[in-house]
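One file, my_file_0.txt, carrying compact mmCIF, C-alpha atoms (C1' of nucleotides):
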```txt
# COMPACT_ATOMS: atom_id res chain seq x y z
CA MET A 119 149.04 169.23 82.41
CA LYS A 120 150.21 166.04 80.81
CA SER A 121 151.74 164.54 83.95
CA ASN A 122 152.45 161.55 81.78
CA SER A 123 154.03 158.95 84.00
CA LEU A 124 152.20 157.15 86.72
CA PHE A 125 153.67 157.02 90.18
CA LYS A 126 155.33 153.80 91.11
CA GLY A 127 152.94 151.09 92.15
CA SER A 128 149.82 153.08 91.37
CA LEU A 129 149.05 150.97 88.29
CA THR A 130 148.37 147.90 90.42
CA THR A 131 146.23 149.95 92.77
CA ILE A 132 144.21 151.25 89.83
CA ILE A 133 143.64 147.80 88.36
CA LEU A 134 142.58 146.27 91.65
CA THR A 135 140.26 149.09 92.57
CA LEU A 136 138.56 149.15 89.17
CA LEU A 137 137.96 145.42 89.50
CA GLU A 138 136.50 145.96 92.94
CA GLN A 139 134.07 148.44 91.44
CA ASN A 140 133.18 146.40 88.36
CA ASP A 141 133.33 142.73 89.30
CA LYS A 142 134.99 141.75 86.01
CA MET A 143 136.84 143.63 83.31
CA TYR A 144 139.12 142.88 80.38
CA GLY A 145 142.43 144.57 79.68
CA TYR A 146 141.41 146.86 76.88
CA GLU A 147 138.35 147.88 78.84
CA ILE A 148 140.56 149.00 81.71
CA THR A 149 142.65 151.24 79.46
CA GLN A 150 139.49 152.84 78.08
CA LYS A 151 137.91 153.29 81.49
CA VAL A 152 140.97 155.09 82.81
CA LYS A 153 141.17 157.28 79.72
CA GLU A 154 137.49 158.13 80.13
CA ILE A 155 137.65 159.00 83.83
CA ALA A 156 141.10 160.53 84.17
CA ASN A 157 142.15 162.19 80.97
CA ASP A 158 145.71 163.00 82.05
CA LEU A 159 146.55 159.59 83.45
CA LYS A 160 147.15 157.23 80.56
CA ILE A 161 147.96 153.63 81.20
CA THR A 162 149.79 151.90 78.38
CA GLU A 163 149.12 148.36 77.24
CA GLY A 164 152.81 147.58 77.53
CA ALA A 165 152.49 148.13 81.26
CA LEU A 166 148.97 146.83 81.72
CA TYR A 167 149.17 143.31 80.31
CA PRO A 168 152.32 142.27 82.18
CA ALA A 169 150.77 143.72 85.34
CA LEU A 170 147.61 141.67 84.85
CA HIS A 171 149.65 138.52 84.30
CA LYS A 172 151.62 139.19 87.46
CA LEU A 173 148.49 139.76 89.53
CA GLU A 174 147.09 136.54 88.16
CA GLY A 175 150.31 134.70 88.93
CA ASP A 176 150.20 136.06 92.46
CA GLY A 177 146.72 134.63 92.92
CA LEU A 178 144.99 137.99 93.19
CA LEU A 179 143.03 137.68 89.95
CA THR A 180 141.30 134.93 88.04
CA VAL A 181 140.73 134.84 84.30
CA SER A 182 137.78 133.70 82.23
CA ILE A 183 137.80 133.87 78.46
CA GLU A 184 134.68 134.97 76.64
CA LYS A 185 134.25 134.78 72.91
CA VAL A 186 132.76 137.91 71.38
CA GLY A 187 132.18 137.41 67.68
CA ASN A 188 135.38 135.81 66.55
CA ARG A 189 137.59 137.37 69.18
CA ASN A 190 138.59 136.37 72.69
CA ARG A 191 138.25 138.63 75.65
CA LYS A 192 140.05 137.77 78.86
CA TYR A 193 137.94 138.87 81.76
CA TYR A 194 139.71 139.35 85.07
CA ALA A 195 138.09 139.23 88.50
CA LEU A 196 139.34 139.58 92.07
CA THR A 197 140.01 136.51 94.19
CA GLU A 198 139.53 136.62 97.95
CA ASN A 199 143.20 137.45 98.37
CA GLY A 200 142.76 140.03 95.65
CA LYS A 201 140.07 141.76 97.68
CA ILE A 202 142.30 141.84 100.73
CA GLU A 203 145.20 143.19 98.72
CA THR A 204 142.95 145.87 97.21
CA THR A 205 142.19 147.17 100.68
CA ASN A 206 145.88 147.12 101.56
CA LYS A 207 146.86 149.00 98.43
CA LEU A 208 144.23 151.65 99.03
CA ASN A 209 145.40 152.12 102.60
CA ASN A 210 149.00 152.38 101.41
CA LEU A 211 148.03 155.08 98.96
CA LYS A 212 146.12 157.01 101.58
CA ASP A 213 149.07 156.75 103.96
CA PHE A 214 151.39 157.93 101.24
CA VAL A 215 149.27 160.99 100.52
CA GLU A 216 149.01 161.83 104.21
CA GLN A 217 152.75 161.50 104.73
CA MET A 218 153.42 163.64 101.68
CA GLN A 219 151.10 166.30 103.03
CA LEU A 220 153.06 166.36 106.26
CA ILE A 221 156.35 166.79 104.44
CA LEU A 222 155.14 169.24 101.85
CA ASN A 223 153.03 171.13 104.35
CA THR A 224 150.32 171.34 101.70
CA LYS A 225 146.80 170.13 101.11
CA LEU A 226 147.18 167.85 98.13
CA ALA A 227 143.49 167.20 97.74
CA THR A 228 141.16 170.13 97.44
CA THR A 229 138.18 168.18 96.20
CA MET B 622 151.84 150.61 108.10
CA LYS B 623 155.36 150.48 106.78
CA SER B 624 154.51 151.48 103.21
CA ASN B 625 158.21 151.29 102.64
CA SER B 626 158.77 152.35 99.09
CA LEU B 627 158.29 155.87 97.84
CA PHE B 628 156.18 156.41 94.80
CA LYS B 629 158.08 157.05 91.63
CA GLY B 630 159.29 160.59 91.28
CA SER B 631 158.20 161.66 94.71
CA LEU B 632 161.75 161.74 96.01
CA THR B 633 162.65 164.65 93.78
CA THR B 634 159.48 166.45 94.78
CA ILE B 635 160.35 165.98 98.45
CA ILE B 636 163.89 167.26 98.04
CA LEU B 637 162.85 170.32 96.09
CA THR B 638 160.02 171.24 98.42
CA LEU B 639 162.14 170.85 101.55
CA LEU B 640 164.72 173.16 99.99
CA GLU B 641 162.01 175.66 99.18
CA GLN B 642 161.02 175.64 102.85
CA ASN B 643 164.53 175.77 104.27
CA ASP B 644 166.71 177.75 101.85
CA LYS B 645 169.65 175.38 102.25
CA MET B 646 170.07 171.84 103.49
CA TYR B 647 172.64 169.07 103.34
CA GLY B 648 171.96 165.50 102.39
CA TYR B 649 172.03 163.87 105.76
CA GLU B 650 169.85 166.63 107.14
CA ILE B 651 167.22 165.85 104.53
CA THR B 652 167.09 162.20 105.53
CA GLN B 653 166.65 163.16 109.17
CA LYS B 654 164.03 165.78 108.43
CA VAL B 655 161.92 163.32 106.51
CA LYS B 656 162.31 160.68 109.23
CA GLU B 657 161.24 163.26 111.81
CA ILE B 658 158.18 164.52 109.95
CA ALA B 659 156.94 161.39 108.21
CA ASN B 660 157.81 158.33 110.18
CA ASP B 661 156.61 155.79 107.61
CA LEU B 662 158.32 157.37 104.62
CA LYS B 663 162.01 156.59 104.77
CA ILE B 664 164.35 157.95 102.16
CA THR B 665 167.56 156.02 101.78
CA GLU B 666 170.96 157.59 101.23
CA GLY B 667 171.51 155.29 98.27
CA ALA B 668 168.66 157.07 96.52
CA LEU B 669 169.18 160.53 97.95
CA TYR B 670 172.78 161.29 96.99
CA PRO B 671 172.45 160.28 93.34
CA ALA B 672 169.23 162.30 93.18
CA LEU B 673 170.98 165.38 94.58
CA HIS B 674 173.78 165.00 92.07
CA LYS B 675 171.30 164.72 89.26
CA LEU B 676 169.38 167.81 90.36
CA GLU B 677 172.65 169.69 90.56
CA GLY B 678 173.66 168.46 87.11
CA ASP B 679 170.30 169.61 85.76
CA GLY B 680 170.94 173.09 87.11
CA LEU B 681 168.17 173.01 89.70
CA LEU B 682 170.46 173.07 92.73
CA THR B 683 173.72 174.72 93.67
CA VAL B 684 176.21 173.40 96.20
CA SER B 685 178.31 175.12 98.80
CA ILE B 686 180.65 173.25 101.08
CA GLU B 687 180.90 174.21 104.72
CA LYS B 688 183.46 172.85 107.10
CA VAL B 689 182.05 171.78 110.45
CA GLY B 690 184.80 170.65 112.78
CA ASN B 691 186.88 168.45 110.55
CA ARG B 692 184.07 167.34 108.31
CA ASN B 693 182.57 168.75 105.12
CA ARG B 694 178.91 169.40 104.68
CA LYS B 695 177.53 169.94 101.21
CA TYR B 696 174.70 172.43 101.42
CA TYR B 697 172.26 172.46 98.56
CA ALA B 698 170.05 175.38 97.55
CA LEU B 699 167.50 176.00 94.81
CA THR B 700 168.45 177.91 91.68
CA GLU B 701 165.88 180.01 89.84
CA ASN B 702 165.12 177.06 87.58
CA GLY B 703 164.93 174.92 90.69
CA LYS B 704 162.19 177.14 92.09
CA ILE B 705 160.23 176.88 88.88
CA GLU B 706 160.64 173.12 88.79
CA THR B 707 159.52 172.88 92.41
CA THR B 708 156.23 174.52 91.49
CA ASN B 709 155.83 172.19 88.53
CA LYS B 710 156.51 169.09 90.61
CA LEU B 711 154.01 170.15 93.24
CA ASN B 712 151.37 170.76 90.60
CA ASN B 713 152.08 167.36 89.06
CA LEU B 714 151.62 165.69 92.41
CA LYS B 715 148.36 167.53 93.04
CA ASP B 716 147.12 166.55 89.60
CA PHE B 717 148.10 162.95 90.23
CA VAL B 718 146.17 162.85 93.50
CA GLU B 719 143.11 164.41 91.90
CA GLN B 720 143.17 161.98 88.99
CA MET B 721 143.59 159.07 91.37
CA GLN B 722 140.60 160.26 93.36
CA LEU B 723 138.51 160.28 90.21
CA ILE B 724 139.50 156.73 89.34
CA LEU B 725 139.30 155.32 92.82
CA ASN B 726 136.16 157.24 93.61
CA THR B 727 137.63 157.93 97.04
CA LYS B 728 138.80 160.83 99.10
CA LEU B 729 142.49 160.19 99.55
CA ALA B 730 143.08 163.08 101.88
CA THR B 731 140.96 163.40 104.94
CA THR B 732 143.20 165.83 106.75
C1' DT C 574 135.79 148.51 48.28
C1' DT C 575 139.84 149.41 49.96
C1' DT C 576 142.01 151.63 53.55
C1' DT C 577 142.08 153.40 58.05
C1' DA C 578 140.86 153.30 62.76
C1' DA C 579 139.25 150.85 66.64
C1' DT C 580 139.11 146.69 69.28
C1' DA C 581 141.84 143.08 71.71
C1' DC C 582 145.56 140.58 72.84
C1' DC C 583 150.75 140.24 73.41
C1' DT C 584 156.27 140.62 74.07
C1' DA C 585 160.94 142.51 74.60
C1' DA C 586 164.55 146.01 74.81
C1' DG C 587 165.58 150.03 77.10
C1' DA C 588 165.08 153.78 80.42
C1' DG C 589 164.43 155.43 84.91
C1' DT C 590 164.07 155.11 89.99
C1' DT C 591 164.76 152.86 94.31
C1' DT C 592 166.69 149.11 97.24
C1' DT C 593 170.27 146.65 98.97
C1' DA C 594 174.65 146.40 100.37
C1' DG C 595 178.40 147.78 100.72
C1' DG C 596 182.62 151.62 101.53
C1' DT C 597 185.27 155.76 103.97
C1' DA C 598 185.97 158.95 107.74
C1' DT C 599 184.97 161.98 111.76
C1' DA C 600 182.48 162.83 116.09
C1' DT C 601 179.94 161.52 119.95
C1' DT C 602 178.03 158.49 123.31
C1' DT C 603 178.17 154.35 126.18
C1' DA D 1325 187.49 150.94 123.96
C1' DA D 1326 183.61 150.00 121.42
C1' DA D 1327 179.45 151.27 119.57
C1' DT D 1328 176.52 154.61 117.61
C1' DA D 1329 175.65 158.82 115.08
C1' DT D 1330 177.05 162.00 111.67
C1' DA D 1331 178.29 162.75 106.76
C1' DC D 1332 179.57 161.65 102.44
C1' DC D 1333 179.63 158.17 98.56
C1' DT D 1334 179.11 154.15 94.76
C1' DA D 1335 177.54 150.02 92.22
C1' DA D 1336 174.86 145.87 91.38
C1' DA D 1337 170.37 144.29 91.42
C1' DA D 1338 165.39 144.73 91.49
C1' DC D 1339 161.36 146.77 90.02
C1' DT D 1340 158.20 149.46 87.16
C1' DC D 1341 157.05 151.83 83.15
C1' DT D 1342 157.90 153.47 78.26
C1' DT D 1343 158.75 152.70 73.75
C1' DA D 1344 158.20 150.15 69.96
C1' DG D 1345 157.11 146.85 67.96
C1' DG D 1346 153.84 142.34 66.64
C1' DT D 1347 149.20 139.60 65.40
C1' DA D 1348 144.33 139.39 64.31
C1' DT D 1349 139.36 140.76 64.10
C1' DT D 1350 135.77 144.25 63.45
C1' DA D 1351 133.88 148.66 62.36
C1' DA D 1352 134.03 153.12 60.06
C1' DA D 1353 135.53 156.20 56.54
C1' DA D 1354 137.37 157.30 51.97
```

What is this structure when it is put down as structure tokens?
Amino acid sequence: MKSNSLFKGSLTTIILTLLEQNDKMYGYEITQKVKEIANDLKITEGALYPALHKLEGDGLLTVSIEKVGNRNRKYYALTENGKIETTNKLNNLKDFVEQMQLILNTKLATT
Amino acid sequence: MKSNSLFKGSLTTIILTLLEQNDKMYGYEITQKVKEIANDLKITEGALYPALHKLEGDGLLTVSIEKVGNRNRKYYALTENGKIETTNKLNNLKDFVEQMQLILNTKLATT
DNA sequence: TTTTAATACCTAAGAGTTTTAGGTATATTT
DNA sequence: AAATATACCTAAAACTCTTAGGTATTAAAA
């Protein structure tokens, strides 16, 4: 059950897609959202924060800091390039699943 | 289109499943088979051979050398543990796809 | 009220997997 | 004769994630 480790590159896809769905989110919120939706697919903060910084550095995300009480939240949102890249990542993932189905000769998605 | 890089861990799943379908295969044959079935999903020899050696070391594969002309082929086949692990890997992949669908709110497989 | 758990951010060493870039040798095709 | 395909291999580098910490504020539990 506990298929602990994410598949390579899927973390970025998850982040981008969640931001497409929610306009803006902060790091901790993303970890909780994933835990809430997909119980078996944990994303660790040690992976998340560096990934967010990289996406920001690549110009796919922008940051805005909001003070809540005495604490700072860093809200991330997609840039235009970020939206384009989100589409690309989703297409890549779909392609990957299709190609895997061909090789494995199996329906991977029964939903 | 060229979603070049495999997703983490999928290489092992591919190797094991192809061996489940074909009883025995040699390394080069595996690369060709994948190229033939899934054009966008290239597996490189630099990844394949170390992976085969690891699977053998873990007791999931056995090797038998066959001489063809003046050249040696190393045929790999699943052990009993290898068959069990193949099932596990396939289930992991299915779980992963299902969890991703939940997060992305998308049907990844339209086949 | 003190301690624990949750919220919220972060980094760095290490592990694991794949790419890149080679190498060797035989067999076939041009 | 030279180039391509077959068939095996390794090692350095790149990339991603885990593990294992760290800091600080806020809420809940003891």

Between B:Asn712, B:Gln722, B:Thr638, B:Thr665, which one has atoms that come closest to chain C, using all atoms listed in the file?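 Ranking B:Asn712, B:Gln722, B:Thr638, B:Thr665 by distance to chain C, first place goes to B:Thr665.
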
Residues of chain A within 7 Å of chain D, counting all atoms listed in the file, as number ranges by chain: A: 126, 165, 188-189

Distance query B:Gly680 at most 8 Å, all atoms listed in the file, self and fewer than 3 positions along chain excluded, as JSON, numbers by chain: {"B": [676, 677, 683, 700, 702, 703]}

Please identify every residue of chain B that has at least one atom no farther than 12 Å from an atom of chain C, counting only C-alpha atoms (C1' of nucleotides), and for each give the shortest atom pair and the distance in Å to one decimal, arranged by chain then increasing number, as CSV.
```
residue,atom,partner,partner_atom,distance
B:Asn625,CA,C:DT592,C1',10.3
B:Ser626,CA,C:DT591,C1',7.7
B:Leu627,CA,C:DT591,C1',8.0
B:Phe628,CA,C:DT591,C1',9.3
B:Lys629,CA,C:DT590,C1',6.5
B:Gly630,CA,C:DT590,C1',7.4
B:Ser631,CA,C:DT590,C1',10.0
B:Leu632,CA,C:DT590,C1',9.3
B:Thr633,CA,C:DT590,C1',10.4
B:Lys663,CA,C:DT591,C1',11.4
B:Ile664,CA,C:DT591,C1',9.4
B:Thr665,CA,C:DT592,C1',8.3
B:Glu666,CA,C:DT592,C1',10.3
B:Gly667,CA,C:DT592,C1',7.9
B:Ala668,CA,C:DT591,C1',6.1
B:Leu669,CA,C:DT591,C1',9.6
B:Tyr670,CA,C:DT591,C1',11.9
B:Pro671,CA,C:DT590,C1',10.4
B:Ala672,CA,C:DT590,C1',9.4
B:Lys688,CA,C:DT599,C1',11.9
B:Val689,CA,C:DT599,C1',10.3
B:Gly690,CA,C:DT599,C1',8.7
B:Asn691,CA,C:DT599,C1',6.9
B:Arg692,CA,C:DT599,C1',6.4
B:Asn693,CA,C:DT599,C1',9.8
B:Arg694,CA,C:DT599,C1',11.9
```

Can you provide chain B as a PDB file with C-alpha atoms, in the frame of the given file, superposed onto chain A by least squares across all C-alpha atoms matched in order?
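Generated file (superposed18.pdb):
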```pdb
ATOM      1  CA  MET B 622     149.088 169.209  82.425  1.00  0.00           C
ATOM      2  CA  LYS B 623     150.190 165.986  80.828  1.00  0.00           C
ATOM      3  CA  SER B 624     151.753 164.479  83.951  1.00  0.00           C
ATOM      4  CA  ASN B 625     152.414 161.504  81.769  1.00  0.00           C
ATOM      5  CA  SER B 626     153.973 158.916  83.985  1.00  0.00           C
ATOM      6  CA  LEU B 627     152.129 157.088  86.713  1.00  0.00           C
ATOM      7  CA  PHE B 628     153.641 156.992  90.132  1.00  0.00           C
ATOM      8  CA  LYS B 629     155.318 153.764  91.047  1.00  0.00           C
ATOM      9  CA  GLY B 630     152.932 151.079  92.150  1.00  0.00           C
ATOM     10  CA  SER B 631     149.828 153.044  91.369  1.00  0.00           C
ATOM     11  CA  LEU B 632     149.051 150.946  88.320  1.00  0.00           C
ATOM     12  CA  THR B 633     148.363 147.889  90.425  1.00  0.00           C
ATOM     13  CA  THR B 634     146.229 149.938  92.777  1.00  0.00           C
ATOM     14  CA  ILE B 635     144.202 151.237  89.836  1.00  0.00           C
ATOM     15  CA  ILE B 636     143.646 147.791  88.367  1.00  0.00           C
ATOM     16  CA  LEU B 637     142.586 146.262  91.651  1.00  0.00           C
ATOM     17  CA  THR B 638     140.252 149.085  92.583  1.00  0.00           C
ATOM     18  CA  LEU B 639     138.569 149.148  89.176  1.00  0.00           C
ATOM     19  CA  LEU B 640     137.957 145.414  89.501  1.00  0.00           C
ATOM     20  CA  GLU B 641     136.504 145.939  92.946  1.00  0.00           C
ATOM     21  CA  GLN B 642     134.067 148.437  91.438  1.00  0.00           C
ATOM     22  CA  ASN B 643     133.171 146.404  88.369  1.00  0.00           C
ATOM     23  CA  ASP B 644     133.358 142.713  89.302  1.00  0.00           C
ATOM     24  CA  LYS B 645     134.991 141.760  86.009  1.00  0.00           C
ATOM     25  CA  MET B 646     136.855 143.638  83.317  1.00  0.00           C
ATOM     26  CA  TYR B 647     139.136 142.885  80.397  1.00  0.00           C
ATOM     27  CA  GLY B 648     142.421 144.567  79.692  1.00  0.00           C
ATOM     28  CA  TYR B 649     141.433 146.853  76.896  1.00  0.00           C
ATOM     29  CA  GLU B 650     138.365 147.900  78.837  1.00  0.00           C
ATOM     30  CA  ILE B 651     140.566 148.999  81.714  1.00  0.00           C
ATOM     31  CA  THR B 652     142.649 151.228  79.471  1.00  0.00           C
ATOM     32  CA  GLN B 653     139.516 152.851  78.089  1.00  0.00           C
ATOM     33  CA  LYS B 654     137.931 153.288  81.490  1.00  0.00           C
ATOM     34  CA  VAL B 655     140.962 155.084  82.821  1.00  0.00           C
ATOM     35  CA  LYS B 656     141.174 157.279  79.713  1.00  0.00           C
ATOM     36  CA  GLU B 657     137.495 158.140  80.138  1.00  0.00           C
ATOM     37  CA  ILE B 658     137.652 158.993  83.833  1.00  0.00           C
ATOM     38  CA  ALA B 659     141.104 160.523  84.169  1.00  0.00           C
ATOM     39  CA  ASN B 660     142.143 162.190  80.984  1.00  0.00           C
ATOM     40  CA  ASP B 661     145.698 163.028  82.060  1.00  0.00           C
ATOM     41  CA  LEU B 662     146.542 159.602  83.444  1.00  0.00           C
ATOM     42  CA  LYS B 663     147.173 157.244  80.565  1.00  0.00           C
ATOM     43  CA  ILE B 664     147.957 153.623  81.208  1.00  0.00           C
ATOM     44  CA  THR B 665     149.783 151.897  78.404  1.00  0.00           C
ATOM     45  CA  GLU B 666     149.095 148.360  77.247  1.00  0.00           C
ATOM     46  CA  GLY B 667     152.794 147.583  77.520  1.00  0.00           C
ATOM     47  CA  ALA B 668     152.495 148.095  81.262  1.00  0.00           C
ATOM     48  CA  LEU B 669     148.972 146.812  81.737  1.00  0.00           C
ATOM     49  CA  TYR B 670     149.171 143.296  80.302  1.00  0.00           C
ATOM     50  CA  PRO B 671     152.319 142.271  82.171  1.00  0.00           C
ATOM     51  CA  ALA B 672     150.780 143.707  85.340  1.00  0.00           C
ATOM     52  CA  LEU B 673     147.610 141.654  84.846  1.00  0.00           C
ATOM     53  CA  HIS B 674     149.655 138.524  84.298  1.00  0.00           C
ATOM     54  CA  LYS B 675     151.618 139.188  87.433  1.00  0.00           C
ATOM     55  CA  LEU B 676     148.496 139.756  89.524  1.00  0.00           C
ATOM     56  CA  GLU B 677     147.076 136.531  88.162  1.00  0.00           C
ATOM     57  CA  GLY B 678     150.310 134.690  88.931  1.00  0.00           C
ATOM     58  CA  ASP B 679     150.203 136.062  92.472  1.00  0.00           C
ATOM     59  CA  GLY B 680     146.722 134.641  92.925  1.00  0.00           C
ATOM     60  CA  LEU B 681     144.971 137.996  93.188  1.00  0.00           C
ATOM     61  CA  LEU B 682     143.022 137.680  89.943  1.00  0.00           C
ATOM     62  CA  THR B 683     141.288 134.918  88.045  1.00  0.00           C
ATOM     63  CA  VAL B 684     140.713 134.839  84.302  1.00  0.00           C
ATOM     64  CA  SER B 685     137.791 133.709  82.227  1.00  0.00           C
ATOM     65  CA  ILE B 686     137.788 133.874  78.466  1.00  0.00           C
ATOM     66  CA  GLU B 687     134.682 134.978  76.631  1.00  0.00           C
ATOM     67  CA  LYS B 688     134.238 134.793  72.912  1.00  0.00           C
ATOM     68  CA  VAL B 689     132.785 137.932  71.365  1.00  0.00           C
ATOM     69  CA  GLY B 690     132.209 137.476  67.660  1.00  0.00           C
ATOM     70  CA  ASN B 691     135.411 135.847  66.550  1.00  0.00           C
ATOM     71  CA  ARG B 692     137.611 137.407  69.172  1.00  0.00           C
ATOM     72  CA  ASN B 693     138.590 136.385  72.694  1.00  0.00           C
ATOM     73  CA  ARG B 694     138.249 138.642  75.661  1.00  0.00           C
ATOM     74  CA  LYS B 695     140.072 137.791  78.853  1.00  0.00           C
ATOM     75  CA  TYR B 696     137.951 138.896  81.775  1.00  0.00           C
ATOM     76  CA  TYR B 697     139.716 139.365  85.061  1.00  0.00           C
ATOM     77  CA  ALA B 698     138.098 139.228  88.496  1.00  0.00           C
ATOM     78  CA  LEU B 699     139.335 139.570  92.066  1.00  0.00           C
ATOM     79  CA  THR B 700     139.994 136.502  94.187  1.00  0.00           C
ATOM     80  CA  GLU B 701     139.525 136.614  97.951  1.00  0.00           C
ATOM     81  CA  ASN B 702     143.201 137.453  98.362  1.00  0.00           C
ATOM     82  CA  GLY B 703     142.758 140.043  95.645  1.00  0.00           C
ATOM     83  CA  LYS B 704     140.061 141.767  97.682  1.00  0.00           C
ATOM     84  CA  ILE B 705     142.292 141.840 100.720  1.00  0.00           C
ATOM     85  CA  GLU B 706     145.196 143.194  98.708  1.00  0.00           C
ATOM     86  CA  THR B 707     142.952 145.866  97.210  1.00  0.00           C
ATOM     87  CA  THR B 708     142.196 147.167 100.688  1.00  0.00           C
ATOM     88  CA  ASN B 709     145.880 147.121 101.568  1.00  0.00           C
ATOM     89  CA  LYS B 710     146.871 149.002  98.425  1.00  0.00           C
ATOM     90  CA  LEU B 711     144.247 151.654  99.031  1.00  0.00           C
ATOM     91  CA  ASN B 712     145.422 152.116 102.597  1.00  0.00           C
ATOM     92  CA  ASN B 713     149.020 152.392 101.408  1.00  0.00           C
ATOM     93  CA  LEU B 714     148.055 155.087  98.952  1.00  0.00           C
ATOM     94  CA  LYS B 715     146.131 157.010 101.599  1.00  0.00           C
ATOM     95  CA  ASP B 716     149.082 156.757 103.956  1.00  0.00           C
ATOM     96  CA  PHE B 717     151.414 157.950 101.225  1.00  0.00           C
ATOM     97  CA  VAL B 718     149.264 161.003 100.530  1.00  0.00           C
ATOM     98  CA  GLU B 719     149.024 161.844 104.216  1.00  0.00           C
ATOM     99  CA  GLN B 720     152.769 161.521 104.718  1.00  0.00           C
ATOM    100  CA  MET B 721     153.409 163.654 101.661  1.00  0.00           C
ATOM    101  CA  GLN B 722     151.089 166.313 103.025  1.00  0.00           C
ATOM    102  CA  LEU B 723     153.065 166.386 106.247  1.00  0.00           C
ATOM    103  CA  ILE B 724     156.346 166.837 104.411  1.00  0.00           C
ATOM    104  CA  LEU B 725     155.110 169.279 101.833  1.00  0.00           C
ATOM    105  CA  ASN B 726     153.025 171.151 104.346  1.00  0.00           C
ATOM    106  CA  THR B 727     150.306 171.357 101.705  1.00  0.00           C
ATOM    107  CA  LYS B 728     146.815 170.137 101.119  1.00  0.00           C
ATOM    108  CA  LEU B 729     147.143 167.857  98.132  1.00  0.00           C
ATOM    109  CA  ALA B 730     143.460 167.207  97.763  1.00  0.00           C
ATOM    110  CA  THR B 731     141.124 170.113  97.515  1.00  0.00           C
ATOM    111  CA  THR B 732     138.192 168.180  96.149  1.00  0.00           C
TER     112      THR B 732
END
```

Using all atoms listed in the file, which chain B residues lie at most 6 Å away from chain A, written as a ChimeraX atom specification? /B:624,628-629,659,713,715,720,729-730

d(atom CA of A:Glu147, atom CA of A:Val181) in Å: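 Pair atom CA of A:Glu147 / atom CA of A:Val181 returns 14.3 Å.
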